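Structure data (PDB, C-alpha atoms, pLDDT in the B column) from final-v7.pdb:
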```pdb
ATOM      1  CA  THR R   1      12.190 -17.501   1.175  1.00 38.00           C
ATOM      2  CA  LEU R   2      11.505 -15.881  -2.151  1.00 40.00           C
ATOM      3  CA  GLN R   3      14.417 -15.592  -4.556  1.00 42.00           C
ATOM      4  CA  ALA R   4      15.165 -12.364  -6.397  1.00 43.00           C
ATOM      5  CA  SER R   5      14.110 -13.972  -9.693  1.00 48.00           C
ATOM      6  CA  ASP R   6      10.605 -14.541  -8.267  1.00 80.00           C
ATOM      7  CA  ILE R   7       9.979 -10.830  -7.651  1.00 90.00           C
ATOM      8  CA  PRO R   8       7.477  -9.710 -10.352  1.00 92.00           C
ATOM      9  CA  PHE R   9       8.868  -6.191 -10.749  1.00 94.00           C
ATOM     10  CA  GLU R  10      12.160  -4.491 -11.591  1.00 94.00           C
ATOM     11  CA  ILE R  11      13.999  -1.320 -10.651  1.00 96.00           C
ATOM     12  CA  GLY R  12      12.425   1.577 -12.504  1.00 97.00           C
ATOM     13  CA  GLU R  13       8.956   0.059 -12.817  1.00 97.00           C
ATOM     14  CA  THR R  14       6.506   2.976 -12.849  1.00 97.00           C
ATOM     15  CA  LEU R  15       2.744   2.546 -12.470  1.00 96.00           C
ATOM     16  CA  LYS R  16       0.575   5.566 -13.264  1.00 95.00           C
ATOM     17  CA  TYR R  17      -2.960   6.007 -11.984  1.00 94.00           C
ATOM     18  CA  LYS R  18      -5.926   8.274 -12.502  1.00 92.00           C
ATOM     19  CA  ALA R  19      -7.296   9.317  -9.136  1.00 88.00           C
ATOM     20  CA  SER R  20     -10.753  10.179  -7.874  1.00 85.00           C
ATOM     21  CA  PHE R  21     -11.484  11.491  -4.411  1.00 75.00           C
ATOM     22  CA  SER R  22     -14.894  10.581  -2.984  1.00 71.00           C
ATOM     23  CA  SER R  23     -16.069   9.748  -6.563  1.00 75.00           C
ATOM     24  CA  ILE R  24     -14.868  13.082  -8.014  1.00 80.00           C
ATOM     25  CA  PRO R  25     -12.084  13.073 -10.645  1.00 84.00           C
ATOM     26  CA  ALA R  26      -9.197  14.449  -8.677  1.00 82.00           C
ATOM     27  CA  GLY R  27      -5.738  14.020 -10.160  1.00 91.00           C
ATOM     28  CA  SER R  28      -3.095  11.367 -10.508  1.00 93.00           C
ATOM     29  CA  ALA R  29      -0.793   9.073  -8.585  1.00 93.00           C
ATOM     30  CA  ILE R  30       2.435   7.218  -9.273  1.00 96.00           C
ATOM     31  CA  LEU R  31       3.990   4.098  -7.776  1.00 96.00           C
ATOM     32  CA  LYS R  32       7.663   3.710  -8.627  1.00 97.00           C
ATOM     33  CA  VAL R  33      10.404   1.245  -7.721  1.00 98.00           C
ATOM     34  CA  ILE R  34      13.263   3.708  -7.177  1.00 97.00           C
ATOM     35  CA  LYS R  35      16.296   1.527  -6.487  1.00 97.00           C
ATOM     36  CA  LYS R  36      17.861  -1.025  -4.160  1.00 97.00           C
ATOM     37  CA  GLU R  37      19.223   0.308  -0.880  1.00 96.00           C
ATOM     38  CA  VAL R  38      20.735  -1.099   2.297  1.00 96.00           C
ATOM     39  CA  ILE R  39      18.824  -0.054   5.434  1.00 94.00           C
ATOM     40  CA  ASN R  40      20.212  -1.205   8.795  1.00 91.00           C
ATOM     41  CA  ASP R  41      22.266  -3.878   6.999  1.00 93.00           C
ATOM     42  CA  ILE R  42      19.145  -5.161   5.198  1.00 95.00           C
ATOM     43  CA  ASN R  43      18.849  -5.222   1.406  1.00 97.00           C
ATOM     44  CA  THR R  44      15.683  -3.404   0.396  1.00 97.00           C
ATOM     45  CA  PHE R  45      13.662  -2.057  -2.511  1.00 97.00           C
ATOM     46  CA  HIS R  46      12.967   1.664  -2.207  1.00 98.00           C
ATOM     47  CA  ILE R  47       9.361   2.317  -3.342  1.00 97.00           C
ATOM     48  CA  ARG R  48       7.757   5.743  -3.697  1.00 97.00           C
ATOM     49  CA  PHE R  49       4.047   6.581  -3.822  1.00 95.00           C
ATOM     50  CA  LYS R  50       2.918  10.051  -4.841  1.00 95.00           C
ATOM     51  CA  ALA R  51      -0.667  11.305  -5.064  1.00 90.00           C
ATOM     52  CA  GLN R  52      -1.561  14.824  -6.144  1.00 90.00           C
ATOM     53  CA  THR R  53      -4.787  16.599  -6.994  1.00 87.00           C
ATOM     54  CA  GLU R  54      -5.231  18.657 -10.133  1.00 88.00           C
ATOM     55  CA  GLY R  55      -7.574  21.325 -11.504  1.00 85.00           C
ATOM     56  CA  PHE R  56     -10.741  22.212  -9.605  1.00 80.00           C
ATOM     57  CA  THR R  57     -10.244  19.524  -6.961  1.00 80.00           C
ATOM     58  CA  ASP R  58      -6.868  21.005  -6.140  1.00 84.00           C
ATOM     59  CA  LEU R  59      -8.560  24.310  -5.401  1.00 85.00           C
ATOM     60  CA  ILE R  60     -11.238  22.980  -3.069  1.00 83.00           C
ATOM     61  CA  PHE R  61      -9.379  20.091  -1.405  1.00 81.00           C
ATOM     62  CA  PRO R  62      -5.696  19.846  -2.319  1.00 88.00           C
ATOM     63  CA  ILE R  63      -3.873  16.561  -1.762  1.00 85.00           C
ATOM     64  CA  ASP R  64      -0.107  16.242  -1.980  1.00 91.00           C
ATOM     65  CA  ASP R  65       1.027  12.970  -0.405  1.00 92.00           C
ATOM     66  CA  ILE R  66       4.442  11.347  -0.661  1.00 96.00           C
ATOM     67  CA  ILE R  67       5.158   7.995   0.964  1.00 95.00           C
ATOM     68  CA  ASN R  68       8.603   6.427   0.737  1.00 97.00           C
ATOM     69  CA  ILE R  69       8.791   2.826   1.822  1.00 97.00           C
ATOM     70  CA  TRP R  70      11.678   0.376   1.954  1.00 98.00           C
ATOM     71  CA  LEU R  71      10.797  -3.318   1.552  1.00 97.00           C
ATOM     72  CA  GLU R  72      13.068  -6.223   2.466  1.00 96.00           C
ATOM     73  CA  GLN R  73      14.013  -7.586  -0.953  1.00 94.00           C
ATOM     74  CA  ASN R  74      12.866 -11.185  -0.414  1.00 93.00           C
ATOM     75  CA  SER R  75       9.913 -11.013   1.990  1.00 94.00           C
ATOM     76  CA  LEU R  76       8.735  -7.563   0.755  1.00 96.00           C
ATOM     77  CA  LEU R  77       7.944  -6.625   4.362  1.00 96.00           C
ATOM     78  CA  PRO R  78       8.382  -2.935   5.293  1.00 96.00           C
ATOM     79  CA  ILE R  79      11.661  -2.009   6.987  1.00 96.00           C
ATOM     80  CA  LYS R  80      11.340   1.767   6.855  1.00 96.00           C
ATOM     81  CA  ILE R  81       8.465   4.159   6.046  1.00 96.00           C
ATOM     82  CA  GLU R  82       8.504   7.934   5.661  1.00 95.00           C
ATOM     83  CA  GLU R  83       5.215   9.774   5.162  1.00 93.00           C
ATOM     84  CA  ILE R  84       4.613  13.376   4.136  1.00 94.00           C
ATOM     85  CA  ILE R  85       0.843  13.883   4.115  1.00 91.00           C
ATOM     86  CA  ASN R  86      -0.988  17.032   3.027  1.00 91.00           C
ATOM     87  CA  GLU R  87      -4.749  16.665   2.650  1.00 84.00           C
ATOM     88  CA  GLY R  88      -6.800  19.844   2.770  1.00 86.00           C
ATOM     89  CA  THR R  89      -5.842  21.627   5.982  1.00 90.00           C
ATOM     90  CA  TYR R  90      -4.477  18.418   7.501  1.00 89.00           C
ATOM     91  CA  SER R  91      -0.777  17.661   7.340  1.00 91.00           C
ATOM     92  CA  ARG R  92       1.704  15.384   9.078  1.00 89.00           C
ATOM     93  CA  LYS R  93       5.149  13.896   8.825  1.00 92.00           C
ATOM     94  CA  ARG R  94       5.813  10.475  10.273  1.00 91.00           C
ATOM     95  CA  SER R  95       8.598   7.931  10.065  1.00 93.00           C
ATOM     96  CA  HIS R  96       8.764   4.262  11.053  1.00 92.00           C
ATOM     97  CA  ILE R  97      11.859   2.124  11.425  1.00 93.00           C
ATOM     98  CA  ILE R  98      10.701  -1.479  11.700  1.00 94.00           C
ATOM     99  CA  TYR R  99      12.747  -4.347  13.100  1.00 94.00           C
ATOM    100  CA  GLN R 100      10.627  -7.245  11.853  1.00 93.00           C
ATOM    101  CA  ASN R 101      12.814 -10.011  13.318  1.00 91.00           C
ATOM    102  CA  GLN R 102      13.138  -8.304  16.704  1.00 91.00           C
ATOM    103  CA  GLY R 103       9.416  -7.512  17.015  1.00 90.00           C
ATOM    104  CA  TYR R 104       9.474  -3.757  17.456  1.00 90.00           C
ATOM    105  CA  GLY R 105       9.478  -0.457  15.613  1.00 91.00           C
ATOM    106  CA  ILE R 106      10.537   3.129  16.298  1.00 92.00           C
ATOM    107  CA  ILE R 107       8.099   5.929  15.405  1.00 90.00           C
ATOM    108  CA  ASN R 108       9.474   9.422  14.746  1.00 89.00           C
ATOM    109  CA  ASN R 109      12.645   8.436  16.621  1.00 85.00           C
ATOM    110  CA  GLU R 110      10.627   8.689  19.847  1.00 85.00           C
ATOM    111  CA  ASP R 111       7.934   6.077  20.453  1.00 87.00           C
ATOM    112  CA  THR R 112       8.433   2.314  20.474  1.00 89.00           C
ATOM    113  CA  LEU R 113       5.885  -0.060  18.989  1.00 88.00           C
ATOM    114  CA  LYS R 114       6.082  -3.748  19.932  1.00 91.00           C
ATOM    115  CA  PHE R 115       4.524  -6.629  18.011  1.00 89.00           C
ATOM    116  CA  GLU R 116       4.723 -10.419  18.020  1.00 87.00           C
ATOM    117  CA  GLU R 117       4.164 -11.113  14.315  1.00 89.00           C
ATOM    118  CA  GLU R 118       5.274  -9.333  11.142  1.00 92.00           C
ATOM    119  CA  VAL R 119       3.606  -6.025  10.347  1.00 93.00           C
ATOM    120  CA  HIS R 120       2.615  -4.472   7.027  1.00 94.00           C
ATOM    121  CA  SER R 121       1.498  -1.075   5.815  1.00 91.00           C
ATOM    122  CA  PRO R 122      -1.302  -0.409   3.300  1.00 87.00           C
ATOM    123  CA  TYR R 123       1.362   0.606   0.767  1.00 90.00           C
ATOM    124  CA  SER R 124       3.611  -2.417   1.322  1.00 93.00           C
ATOM    125  CA  LEU R 125       0.620  -4.650   0.578  1.00 92.00           C
ATOM    126  CA  LEU R 126       0.615  -3.287  -2.978  1.00 93.00           C
ATOM    127  CA  TYR R 127       3.878  -5.183  -3.516  1.00 95.00           C
ATOM    128  CA  PHE R 128       3.690  -7.962  -0.908  1.00 94.00           C
ATOM    129  CA  PHE R 129       0.657  -9.565  -2.545  1.00 93.00           C
ATOM    130  CA  ARG R 130       2.207  -9.403  -6.001  1.00 94.00           C
ATOM    131  CA  LYS R 131       4.405 -12.367  -5.044  1.00 91.00           C
ATOM    132  CA  THR R 132       2.021 -14.139  -2.653  1.00 87.00           C
ATOM    133  CA  ASN R 133      -0.147 -17.207  -3.230  1.00 87.00           C
ATOM    134  CA  PHE R 134      -3.546 -15.598  -2.686  1.00 87.00           C
ATOM    135  CA  LYS R 135      -5.228 -18.823  -1.626  1.00 83.00           C
ATOM    136  CA  THR R 136      -2.944 -19.250   1.378  1.00 88.00           C
ATOM    137  CA  PHE R 137      -3.935 -15.812   2.687  1.00 88.00           C
ATOM    138  CA  ASN R 138      -7.713 -16.035   2.439  1.00 90.00           C
ATOM    139  CA  LYS R 139      -9.136 -15.459   5.953  1.00 89.00           C
ATOM    140  CA  LYS R 140      -5.608 -15.178   7.356  1.00 91.00           C
ATOM    141  CA  LYS R 141      -4.857 -12.472   9.924  1.00 90.00           C
ATOM    142  CA  ILE R 142      -2.236  -9.801   9.323  1.00 90.00           C
ATOM    143  CA  ASN R 143      -1.051  -6.750  11.274  1.00 91.00           C
ATOM    144  CA  ILE R 144      -1.312  -3.312   9.634  1.00 89.00           C
ATOM    145  CA  LEU R 145       0.460  -0.196  10.916  1.00 88.00           C
ATOM    146  CA  LYS R 146      -1.985   2.488  11.993  1.00 80.00           C
ATOM    147  CA  LYS R 147      -0.562   5.818  13.175  1.00 74.00           C
ATOM    148  CA  LYS R 148       1.380   4.927  16.323  1.00 77.00           C
ATOM    149  CA  SER R 149      -0.020   1.421  16.727  1.00 84.00           C
ATOM    150  CA  PHE R 150      -1.097  -1.514  14.596  1.00 85.00           C
ATOM    151  CA  GLU R 151      -4.359  -3.319  14.007  1.00 87.00           C
ATOM    152  CA  THR R 152      -5.013  -6.996  13.306  1.00 88.00           C
ATOM    153  CA  LEU R 153      -7.058  -7.531  10.147  1.00 89.00           C
ATOM    154  CA  THR R 154      -8.469 -10.566   8.381  1.00 90.00           C
ATOM    155  CA  VAL R 155      -7.737 -10.777   4.649  1.00 91.00           C
ATOM    156  CA  ASN R 156     -10.637 -11.556   2.317  1.00 91.00           C
ATOM    157  CA  ILE R 157      -9.642 -12.827  -1.144  1.00 94.00           C
ATOM    158  CA  LYS R 158     -11.951 -12.839  -4.184  1.00 93.00           C
ATOM    159  CA  SER R 159     -10.578 -14.203  -7.459  1.00 92.00           C
ATOM    160  CA  ASN R 160     -11.532 -14.171 -11.143  1.00 92.00           C
ATOM    161  CA  LEU R 161     -13.174 -10.740 -11.000  1.00 92.00           C
ATOM    162  CA  GLU R 162     -13.606  -8.630 -14.110  1.00 92.00           C
ATOM    163  CA  VAL R 163     -12.580  -4.994 -13.787  1.00 89.00           C
ATOM    164  CA  ASN R 164     -13.682  -2.729 -16.630  1.00 82.00           C
ATOM    165  CA  SER R 165     -12.720   0.884 -17.054  1.00 72.00           C
ATOM    166  CA  LYS R 166     -11.896   3.249 -19.869  1.00 67.00           C
ATOM    167  CA  TYR R 167      -8.261   2.350 -19.200  1.00 71.00           C
ATOM    168  CA  GLY R 168      -8.676  -1.347 -19.950  1.00 77.00           C
ATOM    169  CA  ARG R 169     -10.319  -4.665 -19.079  1.00 87.00           C
ATOM    170  CA  TRP R 170      -8.676  -6.908 -16.522  1.00 90.00           C
ATOM    171  CA  ILE R 171      -9.324 -10.257 -14.860  1.00 94.00           C
ATOM    172  CA  SER R 172      -8.283  -9.690 -11.277  1.00 94.00           C
ATOM    173  CA  THR R 173      -8.089 -10.852  -7.684  1.00 95.00           C
ATOM    174  CA  CYS R 174      -9.332  -8.494  -4.972  1.00 94.00           C
ATOM    175  CA  VAL R 175      -7.511  -8.379  -1.619  1.00 93.00           C
ATOM    176  CA  GLU R 176      -9.499  -6.699   1.122  1.00 90.00           C
ATOM    177  CA  PRO R 177      -8.227  -6.533   4.712  1.00 86.00           C
ATOM    178  CA  LYS R 178     -11.100  -6.338   7.212  1.00 83.00           C
ATOM    179  CA  ARG R 179     -11.137  -5.826  10.930  1.00 77.00           C
ATOM    180  CA  ALA R 180     -10.795  -9.142  12.695  1.00 62.00           C
ATOM    181  CA  LYS R 181     -13.427  -8.011  15.199  1.00 60.00           C
ATOM    182  CA  ARG R 182     -17.078  -7.651  14.242  1.00 52.00           C
ATOM    183  CA  ASN R 183     -17.116  -3.861  14.332  1.00 51.00           C
ATOM    184  CA  ARG R 184     -16.462  -2.309  10.926  1.00 48.00           C
ATOM    185  CA  PHE R 185     -14.582   0.688   9.678  1.00 44.00           C
ATOM    186  CA  LYS R 186     -16.624   3.734   8.779  1.00 44.00           C
ATOM    187  CA  ASN R 187     -16.196   2.846   5.093  1.00 38.00           C
ATOM    188  CA  ASP R 188     -16.109  -0.931   5.771  1.00 41.00           C
ATOM    189  CA  SER R 189     -12.380  -1.323   4.998  1.00 44.00           C
ATOM    190  CA  THR R 190      -9.130   0.601   5.069  1.00 69.00           C
ATOM    191  CA  ILE R 191      -7.933  -0.605   1.682  1.00 82.00           C
ATOM    192  CA  SER R 192      -9.120  -2.746  -1.209  1.00 89.00           C
ATOM    193  CA  ILE R 193      -6.666  -3.800  -3.930  1.00 93.00           C
ATOM    194  CA  TRP R 194      -7.395  -5.440  -7.273  1.00 95.00           C
ATOM    195  CA  PHE R 195      -4.400  -7.314  -8.739  1.00 95.00           C
ATOM    196  CA  ALA R 196      -4.172  -8.382 -12.376  1.00 93.00           C
ATOM    197  CA  GLU R 197      -4.185 -12.165 -12.757  1.00 92.00           C
ATOM    198  CA  ASN R 198      -1.043 -12.284 -14.869  1.00 89.00           C
ATOM    199  CA  SER R 199       2.679 -12.794 -14.280  1.00 89.00           C
ATOM    200  CA  LYS R 200       3.253  -9.168 -13.194  1.00 92.00           C
ATOM    201  CA  ARG R 201       0.234  -8.934 -10.900  1.00 93.00           C
ATOM    202  CA  TYR R 202      -0.011  -5.191 -11.311  1.00 93.00           C
ATOM    203  CA  PRO R 203      -2.193  -3.470  -8.671  1.00 94.00           C
ATOM    204  CA  ILE R 204      -4.664  -2.238 -11.291  1.00 94.00           C
ATOM    205  CA  LYS R 205      -7.052  -0.534  -8.900  1.00 92.00           C
ATOM    206  CA  PHE R 206      -7.001   0.327  -5.235  1.00 88.00           C
ATOM    207  CA  TRP R 207      -9.018   2.287  -2.748  1.00 85.00           C
ATOM    208  CA  ILE R 208      -7.499   3.799   0.388  1.00 77.00           C
ATOM    209  CA  LYS R 209      -9.359   5.411   3.274  1.00 74.00           C
ATOM    210  CA  MET R 210      -7.789   8.796   3.982  1.00 66.00           C
ATOM    211  CA  LYS R 211      -8.240  11.431   6.657  1.00 64.00           C
ATOM    212  CA  TYR R 212     -11.226  13.055   4.931  1.00 65.00           C
ATOM    213  CA  GLY R 213     -12.702  10.542   2.510  1.00 70.00           C
ATOM    214  CA  GLY R 214     -11.472   7.846   0.152  1.00 77.00           C
ATOM    215  CA  LEU R 215      -8.938   7.857  -2.673  1.00 77.00           C
ATOM    216  CA  LEU R 216      -9.651   5.557  -5.635  1.00 87.00           C
ATOM    217  CA  LEU R 217      -6.880   4.916  -8.151  1.00 89.00           C
ATOM    218  CA  GLU R 218      -7.092   3.107 -11.492  1.00 92.00           C
ATOM    219  CA  LEU R 219      -4.066   2.037 -13.508  1.00 92.00           C
ATOM    220  CA  TYR R 220      -3.844   3.559 -16.970  1.00 90.00           C
ATOM    221  CA  GLU R 221      -0.155   3.318 -17.881  1.00 91.00           C
ATOM    222  CA  PHE R 222       2.899   1.324 -16.831  1.00 88.00           C
ATOM    223  CA  GLU R 223       6.577   1.523 -17.744  1.00 86.00           C
TER     224      GLU R 223
END
```

As structure tokens:
Amino acid sequence: TLQASDIPFEIGETLKYKASFSSIPAGSAILKVIKKEVINDINTFHIRFKAQTEGFTDLIFPIDDIINIWLEQNSLLPIKIEEIINEGTYSRKRSHIIYQNQGYGIINNEDTLKFEEEVHSPYSLLYFFRKTNFKTFNKKKINILKKKSFETLTVNIKSNLEVNSKYGRWISTCVEPKRAKRNRFKNDSTISIWFAENSKRYPIKFWIKMKYGGLLLELYEFE
């Protein structure tokens, strides 16, 4: 079990990103560690992700997404997720309460999702892998929440990669969950994350498949 001192982030950490949507400069996004909270008698970190389009992109395809996620403070597994998604004409609200030790989750206070092994979300991975030994996860299978179900993915790890952008130069490790089966996603993966190879392991770049395209974010400022 990880100790609190091993967690590579603190309350108030704010990561700011420039966003592009389907290769078009689109806006900005923020990842922030809000505070510690107790959810169902479990100590958690409350994390918030916000992505919003700006300028011309906001006129032709507005995006205004807010995802609140609560991570168990040692394992960094998701305990609760609340999504407010607005992408173009598509919108949804969805909540998950996840009982990792009991092997089930409640979706929108209505549907029950059962699982045998721990489950993650694309957004919890942004923090989970910051404290994980990458080598132990290469080719390992993990379960990712997907709407009202979950999907088993195999994690591909590539280390010592150079990421260059106008926001900086980083040596990084790329974490890319792939479908465990041979068939591929339309865009080959649901999420790819590049983590800085330093003590903080900032997620310096990540790509997420969305309802109508892909959102690419690159870190340009951190507090």

Report task. For segment 148-153 of chain R, work out the shell of residues within 12 Å, counting all atoms listed in the file and skipping chain neighbours fewer than 4 positions away, then give it as a PyMOL selection string. Result -> chain R and resi 94-97+104-122+137-144+175-185+189-191

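When the PyMOL selection byres ((chain R and resi 36) around 8) is evaluated against the file, it yields Ile11, Ile34, Lys35, Glu37, Val38, Asn43, Thr44, Phe45 and His46 of chain R.
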
Query - Surrounding residues of Ile24 of chain R excluding itself and chain neighbours under 3 positions, 12 Å, all atoms listed in the file, as a list in words - result: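 In the requested format, the answer is Lys18, Ala19, Ser20, Phe21, Gly27, Thr53, Glu54, Gly55, Phe56, Thr57, Asp58, Ile60, Phe61, Gly213, Gly214, Leu215, Leu216 and Leu217 of chain R.
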
Report task. Would you work out the distance separating atom CA of Lys200 of chain R from atom CA of Ile84 of chain R, expressed in Å to one decimal? Result ->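 Answer for the atom CA of Lys200 of chain R to atom CA of Ile84 of chain R separation: 28.5 Å.
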
Report task. Apply the PyMOL selection byres ((chain R and resi 64) around 6) to the displayed file and report the matching residues as a ChimeraX atom specification. Result -> /R:51-52,63,65,86

Query raised in the report: Written as a list in words, which residues does the PyMOL selection byres ((chain R and resi 77) around 10) give for the file shown?
Result: Thr44, Ile69, Trp70, Leu71, Glu72, Gln73, Asn74, Ser75, Leu76, Pro78, Ile79, Lys80, Ile98, Gln100, Glu118, Val119, His120, Ser121, Ser124, Leu125, Tyr127 and Phe128 of chain R

Requested in this report: Quick one: pull the distance between atom CA of Gly88 of chain R and atom CA of Ser22 of chain R, Å, one decimal.
Outcome: 13.6 Å

Query raised in the report: Neighbours of Lys135 of chain R within 10 Å (only C-alpha atoms; same-chain residues fewer than 6 positions away dropped), as number ranges by chain?
Result: R: 156-159

Report task. State, in Å with one decimal place, the distance from atom CA of Gly12 of chain R to atom CA of Val155 of chain R. Result ->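 Separation between atom CA of Gly12 of chain R and atom CA of Val155 of chain R: 29.2 Å.
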
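All protein, DNA and RNA residues at most 8 Å from (-5.6, -8.3, -9.7) are Trp170, Ile171, Ser172, Thr173, Cys174, Ile193, Trp194, Phe195, Ala196, Glu197, Asn198, Arg201, Tyr202, Pro203, Ile204 and Lys205 of chain R, using only C-alpha atoms.
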
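Minimum atom-to-atom distances from R:Lys147, R:Arg169, R:Lys209, R:Lys32 to Tyr17 of chain R were compared using all atoms listed in the file, and the lowest value belongs to R:Lys32.
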
Requested in this report: Take the point (0.0, 5.7, -17.2) as written in the file and pick out every residue within 12 Å of it, counting all atoms listed in the file; give the list as a ChimeraX atom specification.
Outcome: /R:13-19,28-32,167-168,204,217-223

Taking all atoms of segment 194-197 of chain R that appear in the file, build a box with edges along x, y and z, extend it by 8 Å on every side, and state its centre and edge lengths in Å to one decimal, as AutoDock Vina command-line options.
```
--center_x -5.8 --center_y -8.8 --center_z -10.0 --size_x 19.2 --size_y 22.7 --size_z 21.5
```

**Report entry** Using all atoms listed in the file: which of R:Asn101, R:Phe49, R:Thr132, R:Pro62 has the shortest distance to Glu82 of chain R
**Finding:** R:Phe49
